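Trainee: What follows is the file start.txt, containing compact mmCIF, C-alpha atoms:
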```
# COMPACT_ATOMS: atom_id res chain seq x y z
CA MET A 1 -59.99 -16.34 5.62
CA MET A 2 -59.84 -14.73 2.15
CA LYS A 3 -59.75 -11.29 3.76
CA HIS A 4 -56.78 -12.26 5.89
CA PHE A 5 -55.01 -13.72 2.86
CA MET A 6 -55.45 -10.47 0.90
CA ILE A 7 -54.11 -8.43 3.82
CA ILE A 8 -51.02 -10.65 4.03
CA LEU A 9 -50.51 -10.43 0.25
CA ILE A 10 -50.76 -6.61 0.28
CA ALA A 11 -48.36 -6.41 3.23
CA LEU A 12 -45.91 -8.70 1.43
CA CYS A 13 -46.02 -6.51 -1.70
CA CYS A 14 -45.43 -3.39 0.40
CA PHE A 15 -42.49 -5.10 2.12
CA ILE A 16 -40.92 -6.02 -1.24
CA ASN A 17 -41.30 -2.42 -2.47
CA VAL A 18 -39.73 -1.07 0.74
CA GLN A 19 -36.81 -3.48 0.34
CA GLY A 20 -36.07 -2.12 -3.13
CA GLN A 21 -34.86 -3.85 -6.25
CA MET A 22 -32.03 -6.39 -5.89
CA ILE A 23 -29.79 -7.12 -8.88
CA THR A 24 -28.19 -10.45 -9.82
CA ARG A 25 -26.04 -10.28 -12.93
CA ASN A 26 -22.89 -11.77 -14.46
CA TYR A 27 -20.46 -9.75 -16.61
CA ASP A 28 -17.60 -11.42 -18.45
CA ASN A 29 -15.04 -9.05 -20.01
CA VAL A 30 -17.53 -6.42 -21.17
CA SER A 31 -16.88 -2.69 -21.32
CA MET A 32 -17.85 -0.48 -18.40
CA SER A 33 -20.22 1.40 -20.69
CA GLU A 34 -22.06 -1.79 -21.66
CA ALA A 35 -22.37 -2.91 -18.03
CA LEU A 36 -23.79 0.48 -16.95
CA ARG A 37 -26.18 0.53 -19.90
CA ASP A 38 -27.42 -2.94 -18.90
CA LEU A 39 -27.91 -1.89 -15.27
CA ASN A 40 -29.79 1.20 -16.38
CA GLU A 41 -32.20 -0.94 -18.41
CA LEU A 42 -32.73 -3.31 -15.46
CA SER A 43 -33.23 -0.55 -12.89
CA ARG A 44 -36.75 0.49 -11.91
CA ASP A 45 -35.78 3.06 -9.30
CA TYR A 46 -32.70 4.81 -10.73
CA THR A 47 -31.51 6.58 -13.86
CA ILE A 48 -27.80 6.02 -14.57
CA SER A 49 -26.07 8.74 -16.62
CA PHE A 50 -22.52 8.55 -18.05
CA LEU A 51 -20.44 9.38 -21.12
CA TYR A 52 -20.21 6.23 -23.22
CA ASN A 53 -16.83 6.93 -24.86
CA GLU A 54 -15.24 8.02 -21.57
CA LEU A 55 -15.73 4.58 -19.96
CA GLU A 56 -15.46 2.35 -23.03
CA ASN A 57 -11.83 1.31 -22.37
CA PHE A 58 -12.49 -0.06 -18.87
CA ARG A 59 -13.32 -3.80 -18.80
CA VAL A 60 -15.67 -5.51 -16.32
CA SER A 61 -15.61 -9.16 -15.19
CA THR A 62 -17.64 -9.83 -12.04
CA HIS A 63 -20.64 -11.66 -10.63
CA ILE A 64 -23.26 -9.55 -8.84
CA LYS A 65 -25.53 -11.43 -6.46
CA ARG A 66 -28.60 -9.77 -4.94
CA LYS A 67 -27.34 -6.22 -4.58
CA SER A 68 -29.00 -2.85 -4.82
CA VAL A 69 -28.35 -0.79 -7.93
CA PRO A 70 -25.86 1.59 -6.21
CA ASP A 71 -23.97 -1.37 -4.69
CA ALA A 72 -23.96 -3.15 -8.04
CA ILE A 73 -22.42 -0.07 -9.68
CA MET A 74 -19.77 0.10 -6.92
CA GLN A 75 -18.90 -3.54 -7.54
CA ILE A 76 -18.41 -3.20 -11.29
CA ILE A 77 -16.34 -0.03 -10.77
CA GLY A 78 -14.04 -1.84 -8.35
CA PHE A 79 -10.74 0.05 -8.11
CA TYR A 80 -10.92 1.85 -11.40
CA PRO A 81 -10.46 5.65 -11.23
CA ILE A 82 -14.21 6.13 -11.57
CA ARG A 83 -16.63 7.73 -9.16
CA ILE A 84 -20.39 7.85 -8.75
CA VAL A 85 -22.41 10.86 -7.63
CA GLN A 86 -26.02 10.45 -6.54
CA ARG A 87 -28.25 13.49 -6.86
CA GLY A 88 -31.66 13.30 -5.35
CA LYS A 89 -33.19 9.87 -4.86
CA LYS A 90 -33.13 8.55 -8.44
CA ASP A 91 -30.31 10.13 -10.45
CA ILE A 92 -26.86 8.46 -10.47
CA TYR A 93 -23.96 9.98 -12.44
CA VAL A 94 -20.83 7.93 -13.25
CA GLU A 95 -17.61 9.56 -14.49
CA CYS A 96 -13.90 8.90 -14.86
CA THR A 97 -11.78 10.94 -12.43
CA HIS A 98 -8.67 10.84 -14.68
CA LYS A 99 -9.56 12.12 -18.14
CA THR A 100 -6.55 11.34 -20.31
CA ALA A 101 -6.04 10.30 -23.91
CA ARG A 102 -3.91 7.25 -23.02
CA HIS A 103 -5.00 4.13 -21.10
CA LEU A 104 -2.42 1.45 -20.29
CA THR A 105 -4.20 -1.89 -20.69
CA GLY A 106 -3.03 -5.40 -19.84
CA SER A 107 -3.72 -8.52 -17.81
CA VAL A 108 -1.86 -10.42 -15.09
CA ILE A 109 -1.69 -14.22 -14.89
CA ASP A 110 0.14 -16.62 -12.54
CA GLU A 111 2.40 -19.60 -13.18
CA ASN A 112 -0.67 -21.72 -14.05
CA ARG A 113 -1.91 -19.06 -16.49
CA GLN A 114 -4.80 -18.23 -14.16
CA PRO A 115 -5.93 -14.59 -13.72
CA VAL A 116 -4.42 -12.72 -10.77
CA PRO A 117 -6.97 -10.31 -9.28
CA TYR A 118 -5.98 -7.37 -7.07
CA ALA A 119 -2.34 -7.14 -8.22
CA ASN A 120 -0.80 -3.71 -7.66
CA VAL A 121 0.14 -1.93 -10.90
CA TYR A 122 2.17 1.28 -10.53
CA LEU A 123 3.22 3.61 -13.33
CA LEU A 124 6.62 5.19 -12.65
CA HIS A 125 8.46 7.96 -14.44
CA PRO A 126 11.40 6.35 -16.29
CA SER A 127 13.89 9.07 -15.27
CA ASP A 128 13.48 9.06 -11.48
CA SER A 129 10.94 6.27 -10.69
CA THR A 130 8.45 8.65 -9.12
CA VAL A 131 4.87 7.34 -9.06
CA ILE A 132 2.69 9.04 -11.70
CA GLY A 133 -0.31 6.71 -11.56
CA GLY A 134 -1.50 3.28 -10.61
CA GLY A 135 -4.32 0.82 -10.29
CA VAL A 136 -5.33 -2.73 -9.40
CA SER A 137 -6.19 -5.69 -11.63
CA ASN A 138 -9.84 -6.76 -11.52
CA GLU A 139 -11.30 -10.22 -10.92
CA ALA A 140 -10.22 -11.30 -14.44
CA GLY A 141 -6.67 -9.98 -13.89
CA VAL A 142 -7.27 -7.06 -16.26
CA PHE A 143 -6.05 -3.53 -15.50
CA VAL A 144 -6.76 -0.23 -17.26
CA ILE A 145 -4.84 2.81 -16.01
CA PRO A 146 -5.06 6.36 -17.42
CA TYR A 147 -1.75 8.17 -18.01
CA ASP A 148 -0.51 11.16 -19.99
CA VAL A 149 3.24 10.73 -20.65
CA PRO A 150 4.78 9.04 -23.74
CA THR A 151 6.69 6.32 -21.86
CA VAL A 152 6.17 4.76 -18.42
CA LEU A 153 8.00 2.22 -16.26
CA VAL A 154 5.40 -0.30 -15.10
CA ARG A 155 5.83 -2.11 -11.77
CA ILE A 156 3.52 -5.07 -11.09
CA SER A 157 3.61 -6.68 -7.64
CA TYR A 158 1.66 -9.24 -5.66
CA VAL A 159 2.52 -10.75 -2.30
CA GLY A 160 4.33 -14.08 -2.68
CA TYR A 161 5.34 -13.35 -6.30
CA LYS A 162 8.32 -11.71 -7.96
CA THR A 163 7.90 -8.04 -8.84
CA ILE A 164 7.84 -7.30 -12.59
CA TYR A 165 9.24 -4.14 -14.22
CA ARG A 166 8.46 -3.24 -17.83
CA LEU A 167 9.24 -0.11 -19.87
CA CYS A 168 6.18 0.68 -22.00
CA SER A 169 5.67 3.20 -24.77
CA ASN A 170 2.60 1.36 -26.10
CA GLU A 171 -0.84 1.50 -24.50
CA GLN A 172 -1.37 -2.24 -24.99
CA MET A 173 0.88 -4.08 -22.54
CA GLY A 174 -0.57 -7.52 -23.24
CA VAL A 175 -0.41 -10.49 -20.88
CA VAL A 176 2.10 -10.35 -18.01
CA GLN A 177 2.93 -13.56 -16.19
CA ILE A 178 4.21 -13.35 -12.62
CA LYS A 179 6.10 -16.20 -10.99
CA PRO A 180 6.24 -17.37 -7.36
CA GLU A 181 9.01 -16.03 -5.20
CA THR A 182 10.54 -18.46 -2.76
CA GLN A 183 11.24 -16.62 0.46
CA THR A 184 12.08 -17.50 4.02
CA ILE A 185 9.97 -15.82 6.68
CA LYS A 186 10.77 -16.61 10.30
CA GLY A 187 12.47 -19.85 9.28
CA VAL A 188 9.56 -21.04 7.11
CA VAL A 189 10.06 -21.42 3.36
CA VAL A 190 7.08 -19.92 1.53
CA THR A 191 6.42 -20.23 -2.22
CA GLY A 192 3.65 -18.27 -3.90
CA GLU A 193 0.90 -18.40 -1.29
CA ARG A 194 -2.05 -16.20 -2.19
CA PRO A 195 -4.00 -14.37 0.51
CA LYS A 196 -7.74 -14.41 -0.12
CA VAL A 197 -9.16 -11.09 -1.31
CA GLN A 198 -12.86 -10.28 -1.54
CA LEU A 199 -14.65 -7.23 -2.85
CA GLN A 200 -17.75 -6.50 -0.78
CA GLY A 201 -19.48 -3.49 -2.29
CA ASN A 202 -16.98 -0.65 -2.00
CA VAL A 203 -14.89 -2.53 0.58
CA MET A 204 -11.91 -4.72 -0.28
CA VAL A 205 -11.18 -7.33 2.39
CA MET A 206 -7.81 -9.11 2.42
CA ASN A 207 -7.60 -12.14 4.66
CA VAL A 208 -4.37 -12.39 6.67
CA GLU A 209 -5.13 -15.28 9.00
CA GLY A 210 -3.85 -18.58 7.65
CA THR A 211 -1.82 -17.02 4.80
CA VAL A 212 1.78 -15.96 4.20
CA MET A 213 0.77 -12.48 5.39
CA GLU A 214 0.57 -13.55 9.02
CA ARG A 215 4.28 -14.42 8.98
CA LEU A 216 5.50 -11.04 7.74
CA GLY A 217 6.28 -9.47 11.13
CA THR A 218 4.13 -6.50 12.14
CA ALA A 219 1.10 -4.59 10.89
CA GLU A 220 3.50 -2.21 9.09
CA ASP A 221 4.78 -5.10 6.97
CA VAL A 222 1.23 -6.28 6.25
CA LEU A 223 -0.16 -2.91 5.14
CA SER A 224 2.67 -2.29 2.69
CA ARG A 225 1.62 -5.48 0.82
CA VAL A 226 -2.13 -4.93 0.69
CA PRO A 227 -3.45 -4.02 -2.80
CA THR A 228 -4.01 -0.26 -3.36
CA ILE A 229 -1.93 0.63 -0.24
CA SER A 230 1.55 2.13 -0.57
CA LYS A 231 4.01 3.35 2.06
CA LYS A 232 4.96 7.01 1.75
CA GLY A 233 7.36 8.44 4.29
CA ASP A 234 6.00 7.74 7.77
CA GLY A 235 2.44 7.29 6.51
CA TYR A 236 0.37 5.43 3.93
CA GLU A 237 -1.54 6.27 0.78
CA ILE A 238 -4.41 4.70 -1.13
CA LEU A 239 -4.06 4.74 -4.91
CA GLY A 240 -5.96 7.74 -6.23
CA LYS A 241 -7.33 8.62 -2.78
CA GLY A 242 -4.44 10.01 -0.76
CA ALA A 243 -3.86 9.48 2.95
CA PRO A 244 -6.50 7.29 4.68
CA LEU A 245 -7.77 7.08 8.23
CA ILE A 246 -6.50 3.90 9.92
CA TYR A 247 -8.55 2.02 12.50
CA LEU A 248 -7.58 -0.86 14.76
CA ASN A 249 -10.86 -2.74 15.07
CA ASN A 250 -13.17 0.15 16.05
CA ARG A 251 -10.50 2.48 17.44
CA LYS A 252 -8.92 5.20 15.32
CA LEU A 253 -5.11 5.21 15.37
CA ASN A 254 -3.77 8.69 16.00
CA ASP A 255 -0.19 7.43 16.31
CA LEU A 256 0.91 5.14 13.47
CA ASN A 257 3.82 3.90 15.60
CA GLU A 258 1.25 1.59 17.20
CA LEU A 259 1.41 -0.51 14.03
CA ARG A 260 4.85 -1.71 15.11
CA ASN A 261 3.33 -3.31 18.21
CA ILE A 262 0.67 -5.29 16.31
CA GLN A 263 2.06 -8.68 15.35
CA SER A 264 0.99 -9.92 11.93
CA ASP A 265 -0.05 -13.33 13.31
CA ASN A 266 -2.64 -11.54 15.45
CA ILE A 267 -4.33 -9.89 12.43
CA LYS A 268 -7.48 -11.49 11.05
CA ASN A 269 -7.97 -9.29 7.98
CA VAL A 270 -7.53 -5.79 6.55
CA GLU A 271 -10.38 -3.78 5.06
CA VAL A 272 -9.83 -0.97 2.54
CA ILE A 273 -12.81 1.36 2.05
CA GLN A 274 -12.32 3.51 -1.05
CA ASN A 275 -15.59 5.44 -0.80
CA PRO A 276 -16.49 5.97 2.88
CA GLY A 277 -20.13 6.64 3.60
CA ALA A 278 -21.94 8.93 5.99
CA ARG A 279 -20.34 7.19 8.97
CA TYR A 280 -17.15 9.16 8.33
CA ASP A 281 -16.46 12.85 7.84
CA ALA A 282 -16.99 14.17 4.29
CA SER A 283 -13.29 15.09 4.06
CA VAL A 284 -12.23 11.45 4.52
CA ASN A 285 -11.28 9.93 1.14
CA ALA A 286 -10.43 6.39 2.27
CA VAL A 287 -10.35 4.21 5.39
CA ILE A 288 -8.22 1.22 6.43
CA ILE A 289 -9.54 -1.08 9.17
CA ILE A 290 -7.24 -3.68 10.74
CA ARG A 291 -9.28 -6.48 12.30
CA THR A 292 -7.46 -8.53 14.91
CA LYS A 293 -8.25 -11.97 16.24
CA ARG A 294 -10.25 -12.16 19.46
CA ALA A 295 -8.01 -12.16 22.52
CA ALA A 296 -6.93 -15.68 23.44
CA GLY A 297 -8.06 -15.29 27.01
CA GLU A 298 -7.74 -13.34 30.23
CA GLY A 299 -4.76 -13.02 32.49
CA LEU A 300 -1.10 -12.19 31.90
CA GLY A 301 0.54 -12.54 28.49
CA VAL A 302 4.24 -12.22 27.68
CA GLU A 303 5.78 -12.04 24.22
CA LEU A 304 9.51 -11.90 23.51
CA SER A 305 11.05 -11.43 20.07
CA SER A 306 14.59 -10.88 18.87
CA TRP A 307 16.48 -10.62 15.59
CA SER A 308 19.96 -9.60 14.51
CA ARG A 309 21.86 -8.90 11.30
CA SER A 310 25.56 -8.76 10.52
CA GLY A 311 27.59 -7.71 7.51
CA ARG A 312 29.33 -4.37 7.14
CA GLY A 313 28.14 -3.59 10.61
CA TYR A 314 25.80 -5.11 13.15
CA ALA A 315 22.17 -4.70 14.16
CA ASN A 316 20.28 -6.27 17.04
CA ASN A 317 16.64 -5.72 18.00
CA GLU A 318 14.81 -6.91 21.11
CA ARG A 319 11.12 -6.54 21.91
CA ILE A 320 9.09 -7.35 25.04
CA ASN A 321 5.28 -7.09 25.04
CA LEU A 322 3.32 -7.52 28.26
CA THR A 323 -0.49 -7.64 28.42
CA TYR A 324 -3.00 -8.22 31.17
CA ARG A 325 -6.68 -8.75 30.35
CA ALA A 326 -9.64 -8.89 32.69
CA GLY A 327 -13.17 -8.45 31.36
CA GLY A 328 -13.16 -5.56 28.89
CA MET A 329 -9.99 -4.05 30.38
CA GLU A 330 -6.56 -4.55 28.83
CA LEU A 331 -3.33 -3.17 30.29
CA PHE A 332 -0.22 -3.27 28.14
CA ALA A 333 3.46 -2.38 28.25
CA ASN A 334 5.89 -2.53 25.32
CA LEU A 335 9.65 -2.17 25.44
CA PHE A 336 11.68 -2.06 22.24
CA GLY A 337 15.46 -1.77 22.12
CA ALA A 338 17.86 -1.74 19.21
CA TYR A 339 21.55 -1.28 18.67
CA ASN A 340 22.82 -0.57 15.16
CA ARG A 341 26.43 -0.23 14.14
CA ARG A 342 27.39 0.59 10.57
CA LYS A 343 30.80 0.86 8.96
CA SER A 344 31.59 2.48 5.65
CA GLN A 345 34.68 3.59 3.85
CA GLY A 346 35.45 5.46 0.67
CA GLU A 347 38.33 6.68 -1.40
CA PHE A 348 38.53 9.45 -3.95
CA GLU A 349 41.20 11.11 -6.03
CA GLN A 350 41.41 14.80 -6.77
CA THR A 351 43.70 16.45 -9.29
CA ILE A 352 44.60 20.13 -9.02
CA PHE A 353 46.33 21.92 -11.88
CA ALA A 354 48.51 24.84 -10.82
CA ASP A 355 52.16 25.74 -11.28
CA THR A 356 52.60 22.33 -9.68
CA LEU A 357 50.43 19.30 -10.48
CA TRP A 358 48.84 17.96 -7.26
CA VAL A 359 47.25 14.51 -7.16
CA ILE A 360 45.47 14.07 -3.81
CA ASN A 361 44.28 10.65 -2.65
CA ASN A 362 41.85 10.80 0.28
CA LYS A 363 40.51 7.90 2.31
CA GLN A 364 37.53 8.18 4.65
CA LYS A 365 36.20 5.73 7.24
CA ASN A 366 32.90 6.16 9.08
CA ASN A 367 31.80 4.30 12.17
CA VAL A 368 28.16 4.98 13.14
CA ARG A 369 26.61 3.76 16.38
CA ASN A 370 22.90 4.13 17.05
CA PRO A 371 21.39 2.87 20.32
CA PHE A 372 17.59 3.13 20.32
CA LEU A 373 15.13 2.55 23.15
CA GLU A 374 11.37 3.00 23.13
CA GLY A 375 8.95 2.31 25.98
CA ARG A 376 5.17 2.51 26.05
CA PHE A 377 2.43 1.62 28.51
CA GLY A 378 -1.30 2.21 28.48
CA PHE A 379 -4.75 0.68 28.55
CA ASN A 380 -7.74 -0.14 26.35
CA TYR A 381 -11.29 -0.69 27.50
CA GLN A 382 -13.80 -2.43 25.23
CA ILE A 383 -17.32 -1.32 26.18
CA ASN A 384 -18.97 -3.44 23.46
CA ASP A 385 -18.28 -4.56 19.89
CA ASN A 386 -18.67 -1.00 18.56
CA HIS A 387 -17.27 1.20 21.35
CA SER A 388 -13.93 1.35 23.13
CA PHE A 389 -11.53 3.89 24.60
CA GLY A 390 -7.96 3.93 25.82
CA GLY A 391 -4.72 5.82 26.15
CA PHE A 392 -0.95 5.37 26.37
CA TYR A 393 2.28 7.10 27.34
CA GLN A 394 5.43 6.72 25.24
CA ASN A 395 9.05 7.80 25.64
CA THR A 396 11.83 7.36 23.07
CA TYR A 397 15.62 7.57 23.30
CA ASP A 398 17.40 7.76 19.95
CA TYR A 399 21.08 8.69 19.84
CA VAL A 400 23.33 8.62 16.79
CA LYS A 401 27.10 8.85 17.24
CA THR A 402 29.35 9.09 14.18
CA ARG A 403 33.15 8.86 14.16
CA SER A 404 34.98 9.68 10.93
CA GLU A 405 38.63 9.21 10.04
CA TYR A 406 40.37 10.91 7.14
CA SER A 407 43.75 10.18 5.65
CA GLY A 408 45.37 11.83 2.66
CA ILE A 409 48.37 10.89 0.55
CA ARG A 410 49.73 13.68 -1.60
CA PRO A 411 52.21 12.56 -4.24
CA PHE A 412 52.94 15.19 -6.84
CA ALA A 413 54.90 15.57 -10.03
CA LYS A 414 56.74 18.86 -10.14
CA GLN A 415 56.58 20.52 -13.50
CA GLN A 416 58.91 23.52 -13.86
CA CYS A 417 57.62 26.08 -16.29
CA GLN A 418 60.64 27.42 -18.23
CA THR A 419 60.53 30.16 -20.85
CA ARG A 420 63.35 30.72 -23.27
CA GLN A 421 63.53 34.13 -24.87
CA GLU A 422 66.04 35.08 -27.56
CA HIS A 423 67.11 38.69 -28.05
CA PRO A 424 68.41 39.82 -31.45
CA HIS A 425 72.03 41.06 -31.49
CA SER A 426 73.42 43.76 -33.73
CA SER A 427 77.02 44.48 -34.53
CA GLY A 428 78.49 47.55 -35.88
```
If you took the structure in this file and wrote it as structure tokens, what would it be?
Mentor:
Amino acid sequence: MMKHFMIILIALCCFINVQGQMITRNYDNVSMSEALRDLNELSRDYTISFLYNELENFRVSTHIKRKSVPDAIMQIIGFYPIRIVQRGKKDIYVECTHKTARHLTGSVIDENRQPVPYANVYLLHPSDSTVIGGGVSNEAGVFVIPYDVPTVLVRISYVGYKTIYRLCSNEQMGVVQIKPETQTIKGVVVTGERPKVQLQGNVMVMNVEGTVMERLGTAEDVLSRVPTISKKGDGYEILGKGAPLIYLNNRKLNDLNELRNIQSDNIKNVEVIQNPGARYDASVNAVIIIRTKRAAGEGLGVELSSWSRSGRGYANNERINLTYRAGGMELFANLFGAYNRRKSQGEFEQTIFADTLWVINNKQKNNVRNPFLEGRFGFNYQINDNHSFGGFYQNTYDYVKTRSEYSGIRPFAKQQCQTRQEHPHSSG
């Protein structure tokens, strides 16, 4: 019996060693340098190297529960512009990716003076509002963003709250309070609802189901409001990471137009992976995964949607989505039509100085008509939870017709240039 007990005890010790050290720790508004120094002292398997002064300005407030040392480091880094490099099996190097003399520091609170984590903070150039930097507030609502210009225009935004703009020439921005924004989405009045955001290792997960996010419209509208994600042209960018790969469940999206056909109320959550692992190609800097709700059932599904707008013109949009599911097979067809009509007019005055003064008044009227039609059909086949394949065919008709009218009125004031010349007379 004793022999068996010793064998079990030895096996248990070996199992614990194989599992590796798990860290549980709580950090409340300490510097990044102090948190890394503490982890280094706790670690049995790793040596953590970093420059103390380089990371001193970044603040850490988080609770680590049973995580490996590398995962614990990823959690305290969060969305700061800091990276880790592991060399060999035991050496971990931590460094700031933006080495600047200035660090804009502040904190974001809500109407109840509670911290607002994961608020987007963009630094814009005051002259033309181009983005020159950015970051995200941590779990305590604190943000620290490197920058290298004397003055920046700070834009702070969070879904369900009014966007704040501040012109800052001081590194210490202080406490910024954001207030709920009452908005009407699909006939429902929404005031300051917060979607739930979780940081799981190096993955940020924003819950969409059951929040204001599911009433935004399409996946395009959802992504543009997720922390760290910004719309740029026809694509998307992750702060400090560039263009990401975008997946729908386990299928990579090669055509981002598909996002228009994903209704926001069918999205469960959105994952943002800032440091992709070996699963992805080494050239991939970031990944977005859109997780949808499980299909409601098999058979035929029909969805109709319509909206219109009037003012100085008219716009009407109609969408029909058809789906048929049987087993792992899904057939779909989408038809989207729009008709936009815009009117504009302008008037300008031009003065021409010549031998005659011309004052020209011109009036211009533009009438733009834009019928748009897009059709798509295809299929998806789900082999299992991790594998699927599919394809689609799409055709688009987009025609813009512009009619312009010009009218000119040309009153003028005639100014006769007269020269009087006197000749001297002589008599004799």
Trainee: Mind checking which residues fall within 7 Å of range 58-64 of chain A, counting only C-alpha atoms, ignoring those fewer than 6 positions away in the same chain, and posting them as a CSV table (one decimal) with C-alpha atoms, in the coordinates of the input?
Mentor:
```
chain,number,residue,atom,x,y,z
A,23,ILE,CA,-29.8,-7.1,-8.9
A,24,THR,CA,-28.2,-10.4,-9.8
A,25,ARG,CA,-26.0,-10.3,-12.9
A,26,ASN,CA,-22.9,-11.8,-14.5
A,27,TYR,CA,-20.5,-9.8,-16.6
A,28,ASP,CA,-17.6,-11.4,-18.4
A,29,ASN,CA,-15.0,-9.0,-20.0
A,30,VAL,CA,-17.5,-6.4,-21.2
A,31,SER,CA,-16.9,-2.7,-21.3
A,32,MET,CA,-17.8,-0.5,-18.4
A,72,ALA,CA,-24.0,-3.2,-8.0
A,76,ILE,CA,-18.4,-3.2,-11.3
A,139,GLU,CA,-11.3,-10.2,-10.9
A,140,ALA,CA,-10.2,-11.3,-14.4
A,144,VAL,CA,-6.8,-0.2,-17.3
```
Trainee: Measure the distance from CA of Lys363 in chain A to CA of Tyr339 in chain A in Å and round it to one decimal.
Mentor: 26.7 Å
Trainee: With 12 Å as the threshold, what does the neighbourhood of (-8.9, 4.8, 14.5) contain in terms of residues, counting only C-alpha atoms? Coordinates are those of the file; answer as an NGL selection string.
Mentor: :A and (244-256 or 258-259 or 280 or 287-291 or 387-390)
Trainee: Smallest atom-to-atom distance to Lys343 in chain A: which of A:Tyr161, A:Tyr399, A:Tyr314, A:Phe377, using all atoms listed in the file?
Mentor: A:Tyr314
Trainee: Suppose you want the space between CA of Asn266 in chain A and CA of Lys293 in chain A; what is it in Å?
Mentor: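 Interatomic distance, CA of Asn266 in chain A to CA of Lys293 in chain A: 5.7 Å.
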